[in-house]
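Visitor: Sharing model_20.cif here; it has mmCIF, C-alpha atoms.
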data_structure
loop_
_atom_site.group_PDB
_atom_site.id
_atom_site.type_symbol
_atom_site.label_atom_id
_atom_site.label_comp_id
_atom_site.auth_asym_id
_atom_site.auth_seq_id
_atom_site.Cartn_x
_atom_site.Cartn_y
_atom_site.Cartn_z
ATOM 1 C CA MET A 1 186.167 43.009 125.975
ATOM 2 C CA SER A 2 183.856 46.007 126.214
ATOM 3 C CA LYS A 3 180.870 46.300 123.905
ATOM 4 C CA ALA A 4 180.498 49.019 121.294
ATOM 5 C CA LEU A 5 178.744 52.172 122.579
ATOM 6 C CA VAL A 6 176.723 54.164 120.010
ATOM 7 C CA PHE A 7 175.384 57.668 120.714
ATOM 8 C CA GLN A 8 172.401 59.390 119.074
ATOM 9 C CA THR A 9 171.100 62.844 120.076
ATOM 10 C CA ASP A 10 169.516 66.054 118.834
ATOM 11 C CA PHE A 11 172.384 68.058 120.379
ATOM 12 C CA GLY A 12 174.285 68.891 117.171
ATOM 13 C CA LEU A 13 178.038 69.410 117.121
ATOM 14 C CA VAL A 14 178.274 73.191 117.462
ATOM 15 C CA ASP A 15 179.054 73.116 121.188
ATOM 16 C CA GLY A 16 180.557 70.761 123.762
ATOM 17 C CA ALA A 17 177.508 68.642 124.618
ATOM 18 C CA VAL A 18 178.459 65.534 122.649
ATOM 19 C CA CYS A 19 182.115 65.876 123.607
ATOM 20 C CA ALA A 20 181.054 65.906 127.276
ATOM 21 C CA MET A 21 179.201 62.617 126.734
ATOM 22 C CA TYR A 22 182.369 61.138 125.238
ATOM 23 C CA GLY A 23 184.306 62.399 128.249
ATOM 24 C CA VAL A 24 181.942 60.766 130.733
ATOM 25 C CA ALA A 25 182.061 57.450 128.880
ATOM 26 C CA SER A 26 185.851 57.558 128.604
ATOM 27 C CA THR A 27 186.167 58.281 132.311
ATOM 28 C CA VAL A 28 184.063 55.202 133.094
ATOM 29 C CA ASP A 29 186.315 53.087 130.859
ATOM 30 C CA PRO A 30 189.036 54.631 128.653
ATOM 31 C CA THR A 31 189.105 51.509 126.456
ATOM 32 C CA LEU A 32 185.477 51.875 125.321
ATOM 33 C CA ARG A 33 184.843 51.981 121.583
ATOM 34 C CA ILE A 34 182.443 54.904 121.098
ATOM 35 C CA PHE A 35 180.608 55.680 117.854
ATOM 36 C CA ASP A 36 178.054 58.225 116.626
ATOM 37 C CA LEU A 37 174.803 57.249 114.965
ATOM 38 C CA THR A 38 173.839 60.902 114.444
ATOM 39 C CA HIS A 39 173.621 64.104 116.469
ATOM 40 C CA ASP A 40 171.565 65.912 113.820
ATOM 41 C CA ILE A 41 168.104 64.683 114.772
ATOM 42 C CA PRO A 42 165.853 67.770 114.467
ATOM 43 C CA GLN A 43 165.329 69.270 117.928
ATOM 44 C CA TYR A 44 162.717 67.397 119.976
ATOM 45 C CA ASN A 45 161.853 65.081 117.051
ATOM 46 C CA ILE A 46 161.291 61.777 118.861
ATOM 47 C CA TRP A 47 159.793 60.188 115.748
ATOM 48 C CA GLU A 48 163.003 60.662 113.756
ATOM 49 C CA ALA A 49 165.119 59.371 116.638
ATOM 50 C CA SER A 50 163.003 56.227 116.646
ATOM 51 C CA TYR A 51 163.330 55.819 112.882
ATOM 52 C CA ARG A 52 167.112 56.331 112.797
ATOM 53 C CA LEU A 53 167.554 53.582 115.376
ATOM 54 C CA ARG A 54 165.520 51.270 113.182
ATOM 55 C CA GLN A 55 167.578 52.334 110.136
ATOM 56 C CA THR A 56 170.907 51.298 111.651
ATOM 57 C CA ILE A 57 170.488 48.767 114.451
ATOM 58 C CA ASP A 58 170.422 45.653 112.227
ATOM 59 C CA TYR A 59 173.959 46.382 111.083
ATOM 60 C CA TRP A 60 175.489 46.360 114.575
ATOM 61 C CA PRO A 61 176.561 43.175 116.355
ATOM 62 C CA GLU A 62 174.919 41.471 119.286
ATOM 63 C CA GLY A 63 175.695 43.194 122.576
ATOM 64 C CA THR A 64 176.009 46.722 121.138
ATOM 65 C CA VAL A 65 174.798 49.436 123.538
ATOM 66 C CA PHE A 66 172.874 52.360 122.011
ATOM 67 C CA VAL A 67 172.266 55.590 123.906
ATOM 68 C CA SER A 68 169.524 57.685 122.294
ATOM 69 C CA VAL A 69 168.754 61.083 123.810
ATOM 70 C CA VAL A 70 166.011 63.176 122.219
ATOM 71 C CA ASP A 71 164.362 64.265 125.420
ATOM 72 C CA PRO A 72 162.006 67.262 125.377
ATOM 73 C CA GLY A 73 160.647 66.009 128.737
ATOM 74 C CA VAL A 74 164.022 65.998 130.486
ATOM 75 C CA GLY A 75 163.589 66.264 134.253
ATOM 76 C CA SER A 76 159.915 65.255 134.131
ATOM 77 C CA THR A 77 158.230 62.075 135.343
ATOM 78 C CA ARG A 78 158.862 60.087 132.146
ATOM 79 C CA ARG A 79 160.850 56.899 132.796
ATOM 80 C CA SER A 80 164.431 56.084 131.941
ATOM 81 C CA VAL A 81 164.722 52.591 130.485
ATOM 82 C CA ILE A 82 167.042 50.010 128.985
ATOM 83 C CA ALA A 83 165.470 47.833 126.311
ATOM 84 C CA ARG A 84 166.975 44.567 125.113
ATOM 85 C CA THR A 85 166.102 43.776 121.501
ATOM 86 C CA ARG A 86 165.398 40.331 120.120
ATOM 87 C CA ARG A 87 168.895 40.434 118.613
ATOM 88 C CA ASN A 88 170.387 41.022 122.083
ATOM 89 C CA GLN A 89 171.291 44.664 121.653
ATOM 90 C CA TYR A 90 170.595 47.333 124.267
ATOM 91 C CA ILE A 91 169.014 50.787 123.975
ATOM 92 C CA ILE A 92 169.195 53.268 126.853
ATOM 93 C CA THR A 93 166.745 56.126 126.404
ATOM 94 C CA PRO A 94 163.938 58.131 127.952
ATOM 95 C CA ASP A 95 160.675 56.226 127.552
ATOM 96 C CA ASN A 96 159.000 58.837 125.353
ATOM 97 C CA GLY A 97 158.385 57.039 122.061
ATOM 98 C CA THR A 98 162.003 56.582 120.959
ATOM 99 C CA LEU A 99 161.521 52.805 120.985
ATOM 100 C CA THR A 100 158.467 52.861 118.684
ATOM 101 C CA HIS A 101 160.024 51.457 115.491
ATOM 102 C CA ILE A 102 162.270 49.012 117.328
ATOM 103 C CA LYS A 103 159.272 47.631 119.206
ATOM 104 C CA LYS A 104 157.065 47.388 116.114
ATOM 105 C CA ILE A 105 159.593 46.179 113.551
ATOM 106 C CA GLU A 106 162.723 44.757 115.196
ATOM 107 C CA GLY A 107 161.123 43.470 118.394
ATOM 108 C CA ILE A 108 161.937 44.102 122.064
ATOM 109 C CA GLU A 109 162.686 41.102 124.270
ATOM 110 C CA SER A 110 162.519 42.873 127.633
ATOM 111 C CA VAL A 111 162.721 46.292 129.293
ATOM 112 C CA ARG A 112 164.105 47.495 132.610
ATOM 113 C CA SER A 113 163.388 50.873 134.215
ATOM 114 C CA PHE A 114 166.022 52.476 136.411
ATOM 115 C CA ASP A 115 166.142 55.223 139.018
ATOM 116 C CA GLU A 116 167.719 58.397 137.631
ATOM 117 C CA LYS A 117 168.750 59.660 141.081
ATOM 118 C CA LEU A 118 170.616 56.470 141.927
ATOM 119 C CA ASN A 119 172.360 56.280 138.549
ATOM 120 C CA LYS A 120 173.498 59.842 138.025
ATOM 121 C CA LEU A 121 177.023 61.060 137.405
ATOM 122 C CA PRO A 122 178.337 61.902 140.907
ATOM 123 C CA THR A 123 179.738 65.270 139.780
ATOM 124 C CA ALA A 124 176.468 66.385 138.133
ATOM 125 C CA GLY A 125 175.345 68.253 141.230
ATOM 126 C CA GLU A 126 172.034 70.074 141.051
ATOM 127 C CA SER A 127 171.620 70.037 137.254
ATOM 128 C CA PHE A 128 168.485 68.357 135.885
ATOM 129 C CA THR A 129 168.786 69.481 132.266
ATOM 130 C CA PHE A 130 171.621 67.386 130.786
ATOM 131 C CA PHE A 131 170.619 63.790 131.397
ATOM 132 C CA GLY A 132 172.349 62.816 128.143
ATOM 133 C CA ARG A 133 175.649 63.392 129.908
ATOM 134 C CA ASP A 134 174.724 62.793 133.536
ATOM 135 C CA ILE A 135 172.537 59.679 133.250
ATOM 136 C CA TYR A 136 172.396 58.117 129.784
ATOM 137 C CA ALA A 137 176.045 58.369 128.709
ATOM 138 C CA PHE A 138 177.109 57.412 132.249
ATOM 139 C CA THR A 139 174.804 54.369 132.413
ATOM 140 C CA GLY A 140 175.486 53.351 128.819
ATOM 141 C CA ALA A 141 179.229 53.379 129.421
ATOM 142 C CA LYS A 142 178.868 51.239 132.542
ATOM 143 C CA LEU A 143 176.726 48.715 130.657
ATOM 144 C CA ALA A 144 179.103 48.595 127.686
ATOM 145 C CA ALA A 145 182.096 48.210 130.006
ATOM 146 C CA GLY A 146 180.462 45.380 131.961
ATOM 147 C CA ILE A 147 180.380 47.338 135.222
ATOM 148 C CA ILE A 148 176.630 46.807 135.459
ATOM 149 C CA ASP A 149 174.710 43.753 134.277
ATOM 150 C CA TYR A 150 171.425 44.226 132.441
ATOM 151 C CA ASP A 151 169.660 41.344 134.200
ATOM 152 C CA HIS A 152 170.410 42.785 137.638
ATOM 153 C CA PHE A 153 170.027 46.503 136.930
ATOM 154 C CA GLY A 154 166.897 48.504 137.696
ATOM 155 C CA GLU A 155 163.481 46.871 137.704
ATOM 156 C CA PRO A 156 161.758 44.832 134.975
ATOM 157 C CA VAL A 157 158.731 46.481 133.356
ATOM 158 C CA SER A 158 156.261 45.199 130.800
ATOM 159 C CA VAL A 159 157.230 45.604 127.142
ATOM 160 C CA ASP A 160 153.596 46.562 126.527
ATOM 161 C CA SER A 161 154.029 49.551 128.853
ATOM 162 C CA VAL A 162 156.691 51.153 126.633
ATOM 163 C CA VAL A 163 155.460 54.451 125.158
ATOM 164 C CA GLU A 164 154.722 54.270 121.423
ATOM 165 C CA LEU A 165 154.123 56.973 118.849
ATOM 166 C CA PRO A 166 151.219 56.354 116.420
ATOM 167 C CA ILE A 167 152.147 54.445 113.271
ATOM 168 C CA ILE A 168 149.782 54.255 110.311
ATOM 169 C CA PRO A 169 150.383 51.005 108.403
ATOM 170 C CA SER A 170 150.683 50.931 104.633
ATOM 171 C CA TYR A 171 148.023 49.011 102.737
ATOM 172 C CA ARG A 172 146.809 47.959 99.308
ATOM 173 C CA GLU A 173 143.441 49.050 97.946
ATOM 174 C CA GLY A 174 142.664 47.443 94.605
ATOM 175 C CA ASN A 175 145.347 48.475 92.114
ATOM 176 C CA GLN A 176 146.817 51.086 94.465
ATOM 177 C CA VAL A 177 149.174 50.978 97.443
ATOM 178 C CA ASN A 178 148.996 53.665 100.110
ATOM 179 C CA GLY A 179 151.363 54.733 102.850
ATOM 180 C CA THR A 180 153.003 57.640 104.629
ATOM 181 C CA ILE A 181 156.266 59.520 104.185
ATOM 182 C CA ASP A 182 158.080 58.481 107.332
ATOM 183 C CA VAL A 183 161.367 60.325 106.967
ATOM 184 C CA LEU A 184 163.727 61.969 104.467
ATOM 185 C CA ASP A 185 167.055 60.773 103.184
ATOM 186 C CA ILE A 186 168.050 64.172 104.469
ATOM 187 C CA ARG A 187 171.206 65.086 102.588
ATOM 188 C CA PHE A 188 169.681 64.212 99.225
ATOM 189 C CA GLY A 189 166.038 65.113 99.834
ATOM 190 C CA ASN A 190 164.642 61.705 98.909
ATOM 191 C CA LEU A 191 161.305 60.612 100.384
ATOM 192 C CA TRP A 192 161.314 57.355 102.378
ATOM 193 C CA THR A 193 157.875 55.818 102.667
ATOM 194 C CA ASN A 194 156.566 53.076 104.948
ATOM 195 C CA ILE A 195 155.540 50.968 101.942
ATOM 196 C CA ASP A 196 157.430 47.687 101.934
ATOM 197 C CA HIS A 197 158.781 46.505 98.569
ATOM 198 C CA LEU A 198 156.757 43.282 98.841
ATOM 199 C CA LEU A 199 153.495 45.202 99.199
ATOM 200 C CA PHE A 200 154.523 47.476 96.318
ATOM 201 C CA HIS A 201 155.226 44.467 94.075
ATOM 202 C CA GLU A 202 151.720 43.124 94.691
ATOM 203 C CA LEU A 203 150.688 45.578 91.972
ATOM 204 C CA GLY A 204 152.801 43.584 89.514
ATOM 205 C CA ASN A 205 155.177 46.485 88.910
ATOM 206 C CA GLU A 206 158.154 45.934 86.638
ATOM 207 C CA ARG A 207 161.223 48.131 86.544
ATOM 208 C CA GLY A 208 160.990 50.632 83.740
ATOM 209 C CA GLU A 209 157.215 50.973 84.152
ATOM 210 C CA ARG A 210 155.643 54.331 84.862
ATOM 211 C CA LEU A 211 153.343 54.708 87.853
ATOM 212 C CA ALA A 212 151.063 57.479 89.007
ATOM 213 C CA VAL A 213 152.190 59.071 92.278
ATOM 214 C CA ASN A 214 149.966 61.160 94.524
ATOM 215 C CA ILE A 215 151.204 62.974 97.632
ATOM 216 C CA LYS A 216 148.884 64.697 100.104
ATOM 217 C CA ASN A 217 149.381 66.710 103.246
ATOM 218 C CA ASP A 218 146.291 65.631 105.168
ATOM 219 C CA THR A 219 143.650 66.051 102.431
ATOM 220 C CA ARG A 220 145.473 68.674 100.315
ATOM 221 C CA THR A 221 147.153 67.305 97.179
ATOM 222 C CA VAL A 222 150.748 68.551 97.016
ATOM 223 C CA TYR A 223 152.085 66.476 94.126
ATOM 224 C CA GLU A 224 150.472 64.403 91.369
ATOM 225 C CA ASN A 225 152.378 63.024 88.400
ATOM 226 C CA THR A 226 153.774 59.866 86.837
ATOM 227 C CA MET A 227 157.327 58.598 87.180
ATOM 228 C CA VAL A 228 159.377 55.546 86.358
ATOM 229 C CA PHE A 229 160.136 52.669 88.733
ATOM 230 C CA ALA A 230 163.922 52.314 88.416
ATOM 231 C CA ARG A 231 166.645 50.108 89.867
ATOM 232 C CA SER A 232 168.932 53.067 90.608
ATOM 233 C CA PHE A 233 169.211 56.820 90.073
ATOM 234 C CA ALA A 234 171.480 56.401 87.049
ATOM 235 C CA GLU A 235 168.641 54.794 85.079
ATOM 236 C CA VAL A 236 166.897 58.155 84.639
ATOM 237 C CA ALA A 237 168.095 61.495 83.308
ATOM 238 C CA ILE A 238 169.469 64.142 85.666
ATOM 239 C CA GLY A 239 166.542 66.115 87.085
ATOM 240 C CA GLU A 240 164.026 63.341 86.405
ATOM 241 C CA PRO A 241 161.965 61.853 89.273
ATOM 242 C CA LEU A 242 161.934 58.132 89.998
ATOM 243 C CA ILE A 243 160.564 55.460 92.312
ATOM 244 C CA TYR A 244 163.116 53.089 93.817
ATOM 245 C CA VAL A 245 163.649 50.549 96.607
ATOM 246 C CA ASN A 246 165.695 52.164 99.394
ATOM 247 C CA SER A 247 168.268 50.611 101.723
ATOM 248 C CA LEU A 248 165.546 49.441 104.139
ATOM 249 C CA GLU A 249 163.734 47.749 101.235
ATOM 250 C CA ASN A 250 160.919 50.261 101.412
ATOM 251 C CA ILE A 251 159.748 52.411 98.508
ATOM 252 C CA GLY A 252 161.454 55.757 98.009
ATOM 253 C CA VAL A 253 160.873 58.710 95.707
ATOM 254 C CA ALA A 254 163.709 60.888 94.444
ATOM 255 C CA ILE A 255 164.963 63.260 91.781
ATOM 256 C CA ASN A 256 168.214 62.173 90.170
ATOM 257 C CA GLN A 257 170.825 64.647 91.470
ATOM 258 C CA GLY A 258 168.144 66.857 92.999
ATOM 259 C CA SER A 259 166.057 67.163 96.152
ATOM 260 C CA PHE A 260 162.469 66.002 95.753
ATOM 261 C CA ALA A 261 161.584 67.304 99.228
ATOM 262 C CA LYS A 262 162.843 70.820 98.459
ATOM 263 C CA ALA A 263 161.472 70.910 94.923
ATOM 264 C CA TYR A 264 157.908 70.256 96.092
ATOM 265 C CA THR A 265 158.107 71.327 99.759
ATOM 266 C CA ILE A 266 157.368 67.838 101.058
ATOM 267 C CA GLY A 267 157.420 67.044 104.775
ATOM 268 C CA THR A 268 157.270 63.872 106.833
ATOM 269 C CA GLY A 269 154.990 62.283 109.391
ATOM 270 C CA THR A 270 151.641 60.572 109.603
ATOM 271 C CA ASN A 271 149.841 63.503 107.956
ATOM 272 C CA TRP A 272 151.914 63.078 104.764
ATOM 273 C CA HIS A 273 150.228 60.439 102.599
ATOM 274 C CA ILE A 274 151.558 58.880 99.403
ATOM 275 C CA SER A 275 149.982 56.441 96.935
ATOM 276 C CA PHE A 276 151.159 54.577 93.828
ATOM 277 C CA HIS A 277 149.102 52.962 91.069
ATOM 278 C CA LYS A 278 149.745 51.925 87.493
ATOM 279 C CA ALA A 279 149.561 54.853 85.129
#
How does this structure look as structure tokens?
Guide:
Amino acid sequence: MSKALVFQTDFGLVDGAVCAMYGVASTVDPTLRIFDLTHDIPQYNIWEASYRLRQTIDYWPEGTVFVSVVDPGVGSTRRSVIARTRRNQYIITPDNGTLTHIKKIEGIESVRSFDEKLNKLPTAGESFTFFGRDIYAFTGAKLAAGIIDYDHFGEPVSVDSVVELPIIPSYREGNQVNGTIDVLDIRFGNLWTNIDHLLFHELGNERGERLAVNIKNDTRTVYENTMVFARSFAEVAIGEPLIYVNSLENIGVAINQGSFAKAYTIGTGTNWHISFHKA
């Protein structure tokens, strides 16, 4: 039985790019089960592609094949790789930082690099701008269908050689915990931090307590106030901010039935710092 094949890109769904990837995979094996992680990664945002893989991969079974294509360096000298995770899942992607969170948090067992010219869709011709269709969807479908075998495909490379984006770890400093705003819960505008719930609870926080929250963009303070640590959004009034534990068991900040990110023009990345301490 073929393995599940999961696509992630920054292509969007307003044209035929994703549909073409489906077509290539279905031509390789019409019985493949193909799924979408997301195609709404902001253009060229490798960091978010890396994070979304981390957000979802634990909930897919062993053997699942992920194809992640956020590739601003398409056609350049960056490598194409297949990574096998410690849970025996596979990720096919350009080696440009997309594997950062998987490597740091989930763990990568091994990596193989493969030749793009030798593993390109035969009908692709002279094009060097749509590797999502011509190389990654094509190779991912063959791996999921069992046409190629990971252990005998391409060449092994060191896990340490995989390109990583910089990650700033969260930390405790006295009665305060500090971290970064890694990503948004986009549709609702909630802030997802890199502060693990265990680190947060080292402050002795109880639900219903109010904590002081400080958010900075580099050194500029963007937000400073107190808010309640709640179990869920329904525990505060509509329009009221709250601190909560998100689905990855990290600390989040939200407005009940509102967008915190839009209300205070909050962004994401390593230059967005957030801290919590008892009020």
Visitor: Which one of A:Thr180, A:Ser113, A:Thr226, A:Ser50 sits closest to Phe153 (chain A) if you count only C-alpha atoms?
Guide: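 So, comparing all the options, the nearest one is A:Ser113.
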Visitor: Find, counting all atoms listed in the file, the residue in A:Ser275, A:Ser2, A:Asn217, A:Asn190 that gets nearest to Gly258 (chain A).
Guide: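 Of the candidates, the smallest distance to Gly258 (chain A) is held by A:Asn190.
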Visitor: Please, what distance in Å, to one decimal, runs between CA of His152 (chain A) and CA of Cys19 (chain A)?
Guide: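 Going from CA of His152 (chain A) over to CA of Cys19 (chain A), I get 29.4 Å.
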Visitor: I need the residue nearest Arg84 (chain A) from this list: A:Glu62, A:Glu116, A:Asp10, A:Glu164. Use all atoms listed in the file for the distance.
Guide: A:Glu62
Visitor: Name the residues captured by the PyMOL selection byres ((chain A and resi 203-208) around 12) when it is applied to the shown file; answer as a count of residues only.
Guide: 35
Visitor: Write out as an MDAnalysis selection string the residues lying within 8 Å of Val159 (chain A), counting only C-alpha atoms and excluding same-chain residues fewer than 5 positions away.
Guide: chainID A and resid 108:111
Visitor: Might you pull out every residue within 12 Å of Ser161 (chain A), with all atoms listed in the file counted and same-chain residues fewer than 6 positions away left off, and present them as a PyMOL selection string?
Guide: chain A and resi 79+81+83+95-97+99-100+103+108+110-113
Visitor: Emit the selected residues as a JSON list (two decimals), keeping the file's coordinate frame, including C-alpha atoms.
Guide:
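Result written to selection-v7.json:
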[["chain", "number", "residue", "atom", "x", "y", "z"],
["A", 79, "ARG", "CA", 160.85, 56.90, 132.80],
["A", 81, "VAL", "CA", 164.72, 52.59, 130.49],
["A", 83, "ALA", "CA", 165.47, 47.83, 126.31],
["A", 95, "ASP", "CA", 160.68, 56.23, 127.55],
["A", 96, "ASN", "CA", 159.00, 58.84, 125.35],
["A", 97, "GLY", "CA", 158.38, 57.04, 122.06],
["A", 99, "LEU", "CA", 161.52, 52.80, 120.98],
["A", 100, "THR", "CA", 158.47, 52.86, 118.68],
["A", 103, "LYS", "CA", 159.27, 47.63, 119.21],
["A", 108, "ILE", "CA", 161.94, 44.10, 122.06],
["A", 110, "SER", "CA", 162.52, 42.87, 127.63],
["A", 111, "VAL", "CA", 162.72, 46.29, 129.29],
["A", 112, "ARG", "CA", 164.10, 47.50, 132.61],
["A", 113, "SER", "CA", 163.39, 50.87, 134.22]]
Visitor: Given the file shown, determine the residues that the PyMOL selection byres ((chain A and resi 59) around 12) selects; report them as a compact mmCIF listing (two decimals) with C-alpha atoms, in the frame of the given file.
Guide:
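Printed below is part18.txt as written:
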# COMPACT_ATOMS: atom_id res chain seq x y z
CA LEU A 37 174.80 57.25 114.96
CA LEU A 53 167.55 53.58 115.38
CA ARG A 54 165.52 51.27 113.18
CA GLN A 55 167.58 52.33 110.14
CA THR A 56 170.91 51.30 111.65
CA ILE A 57 170.49 48.77 114.45
CA ASP A 58 170.42 45.65 112.23
CA TRP A 60 175.49 46.36 114.58
CA PRO A 61 176.56 43.18 116.36
CA GLU A 62 174.92 41.47 119.29
CA THR A 64 176.01 46.72 121.14
CA ARG A 87 168.90 40.43 118.61
CA GLN A 89 171.29 44.66 121.65
CA SER A 247 168.27 50.61 101.72
CA LEU A 248 165.55 49.44 104.14
Visitor: What does the structure give for the distance between CA of Gly63 (chain A) and CA of Asp160 (chain A), in Å to one decimal?
Guide: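 Separation of CA of Gly63 (chain A) and CA of Asp160 (chain A): 22.7 Å.
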Visitor: Do you have the CA of Pro94 (chain A)-CA of Trp272 (chain A) distance handy?
Guide: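 Atom-to-atom, CA of Pro94 (chain A) and CA of Trp272 (chain A) are spaced 26.6 Å apart.
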Visitor: Residues at most 9 Å from region 140-148 of chain A, counting all atoms listed in the file, excluding those fewer than 6 positions away in the same chain, as a list in words?
Guide: Met1, Ser2, Lys3, Ala4, Leu5, Val6, Val24, Ala25, Ser26, Thr27, Val28, Asp29, Thr31, Leu32, Gly63, Thr64, Val65, Phe66, Val67, Tyr90, Ile91 and Ile92 of chain A
Visitor: Residues near Asp115 (chain A), anyone? I mean within 8 Å using only C-alpha atoms, not counting same-chain ones fewer than 3 positions away, as a PDB file with C-alpha atoms, in the frame of the given file.
Guide:
ATOM      1  CA  SER A  80     164.431  56.084 131.941  1.00  0.00           C
ATOM      2  CA  LEU A 118     170.616  56.470 141.927  1.00  0.00           C
ATOM      3  CA  ASN A 119     172.360  56.280 138.549  1.00  0.00           C
ATOM      4  CA  GLY A 154     166.897  48.504 137.696  1.00  0.00           C
TER       5      GLY A 154
END
Visitor: Quick check on the file I pasted: which residues fall under the PyMOL selection byres ((chain A and resi 47) around 10)? Write them as a JSON list (two decimals) with C-alpha atoms, in the frame of the given file.
Guide:
[["chain", "number", "residue", "atom", "x", "y", "z"],
["A", 41, "ILE", "CA", 168.10, 64.68, 114.77],
["A", 42, "PRO", "CA", 165.85, 67.77, 114.47],
["A", 44, "TYR", "CA", 162.72, 67.40, 119.98],
["A", 45, "ASN", "CA", 161.85, 65.08, 117.05],
["A", 46, "ILE", "CA", 161.29, 61.78, 118.86],
["A", 48, "GLU", "CA", 163.00, 60.66, 113.76],
["A", 49, "ALA", "CA", 165.12, 59.37, 116.64],
["A", 50, "SER", "CA", 163.00, 56.23, 116.65],
["A", 51, "TYR", "CA", 163.33, 55.82, 112.88],
["A", 52, "ARG", "CA", 167.11, 56.33, 112.80],
["A", 70, "VAL", "CA", 166.01, 63.18, 122.22],
["A", 96, "ASN", "CA", 159.00, 58.84, 125.35],
["A", 97, "GLY", "CA", 158.38, 57.04, 122.06],
["A", 98, "THR", "CA", 162.00, 56.58, 120.96],
["A", 99, "LEU", "CA", 161.52, 52.80, 120.98],
["A", 100, "THR", "CA", 158.47, 52.86, 118.68],
["A", 101, "HIS", "CA", 160.02, 51.46, 115.49],
["A", 164, "GLU", "CA", 154.72, 54.27, 121.42],
["A", 165, "LEU", "CA", 154.12, 56.97, 118.85],
["A", 166, "PRO", "CA", 151.22, 56.35, 116.42],
["A", 167, "ILE", "CA", 152.15, 54.44, 113.27],
["A", 182, "ASP", "CA", 158.08, 58.48, 107.33],
["A", 183, "VAL", "CA", 161.37, 60.32, 106.97],
["A", 268, "THR", "CA", 157.27, 63.87, 106.83],
["A", 269, "GLY", "CA", 154.99, 62.28, 109.39]]
Visitor: Which residue out of A:Met21, A:Ile102, A:Leu121, A:Ala261 has the minimum interatomic distance to Tyr223 (chain A) when only C-alpha atoms are used?
Guide: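 Going through A:Met21, A:Ile102, A:Leu121, A:Ala261 one by one, the smallest distance to Tyr223 (chain A) is for A:Ala261.
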Visitor: Nearest to Thr193 (chain A) among A:Ala137, A:Ile34, A:Ile82, A:Ile168, with distances taken over all atoms listed in the file: which residue is it?
Guide: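 For Thr193 (chain A), the nearest of the given residues is A:Ile168.
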Visitor: Which residue, A:Phe188, A:Asn246, A:Phe114, A:Val162, has the smallest gap to Ala263 (chain A) when you use all atoms listed in the file?
Guide: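 For Ala263 (chain A), the nearest of the candidates is A:Phe188.
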Visitor: Excluding same-chain residues fewer than 2 positions from Phe131 (chain A), what lies within 12 Å of it counting all atoms listed in the file, as a ChimeraX atom specification?
Guide: /A:9,11,17-18,20-21,24,67-76,80,92-94,116-117,119-121,124-129,133-140
Visitor: Quick one: write out the picked residues with C-alpha atoms as a compact mmCIF listing (two decimals), in the coordinates of the input?
Guide:
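part32.txt, written as the output of this step:
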# COMPACT_ATOMS: atom_id res chain seq x y z
CA THR A 9 171.10 62.84 120.08
CA PHE A 11 172.38 68.06 120.38
CA ALA A 17 177.51 68.64 124.62
CA VAL A 18 178.46 65.53 122.65
CA ALA A 20 181.05 65.91 127.28
CA MET A 21 179.20 62.62 126.73
CA VAL A 24 181.94 60.77 130.73
CA VAL A 67 172.27 55.59 123.91
CA SER A 68 169.52 57.68 122.29
CA VAL A 69 168.75 61.08 123.81
CA VAL A 70 166.01 63.18 122.22
CA ASP A 71 164.36 64.26 125.42
CA PRO A 72 162.01 67.26 125.38
CA GLY A 73 160.65 66.01 128.74
CA VAL A 74 164.02 66.00 130.49
CA GLY A 75 163.59 66.26 134.25
CA SER A 76 159.92 65.26 134.13
CA SER A 80 164.43 56.08 131.94
CA ILE A 92 169.20 53.27 126.85
CA THR A 93 166.74 56.13 126.40
CA PRO A 94 163.94 58.13 127.95
CA GLU A 116 167.72 58.40 137.63
CA LYS A 117 168.75 59.66 141.08
CA ASN A 119 172.36 56.28 138.55
CA LYS A 120 173.50 59.84 138.02
CA LEU A 121 177.02 61.06 137.40
CA ALA A 124 176.47 66.39 138.13
CA GLY A 125 175.34 68.25 141.23
CA GLU A 126 172.03 70.07 141.05
CA SER A 127 171.62 70.04 137.25
CA PHE A 128 168.48 68.36 135.88
CA THR A 129 168.79 69.48 132.27
CA ARG A 133 175.65 63.39 129.91
CA ASP A 134 174.72 62.79 133.54
CA ILE A 135 172.54 59.68 133.25
CA TYR A 136 172.40 58.12 129.78
CA ALA A 137 176.04 58.37 128.71
CA PHE A 138 177.11 57.41 132.25
CA THR A 139 174.80 54.37 132.41
CA GLY A 140 175.49 53.35 128.82
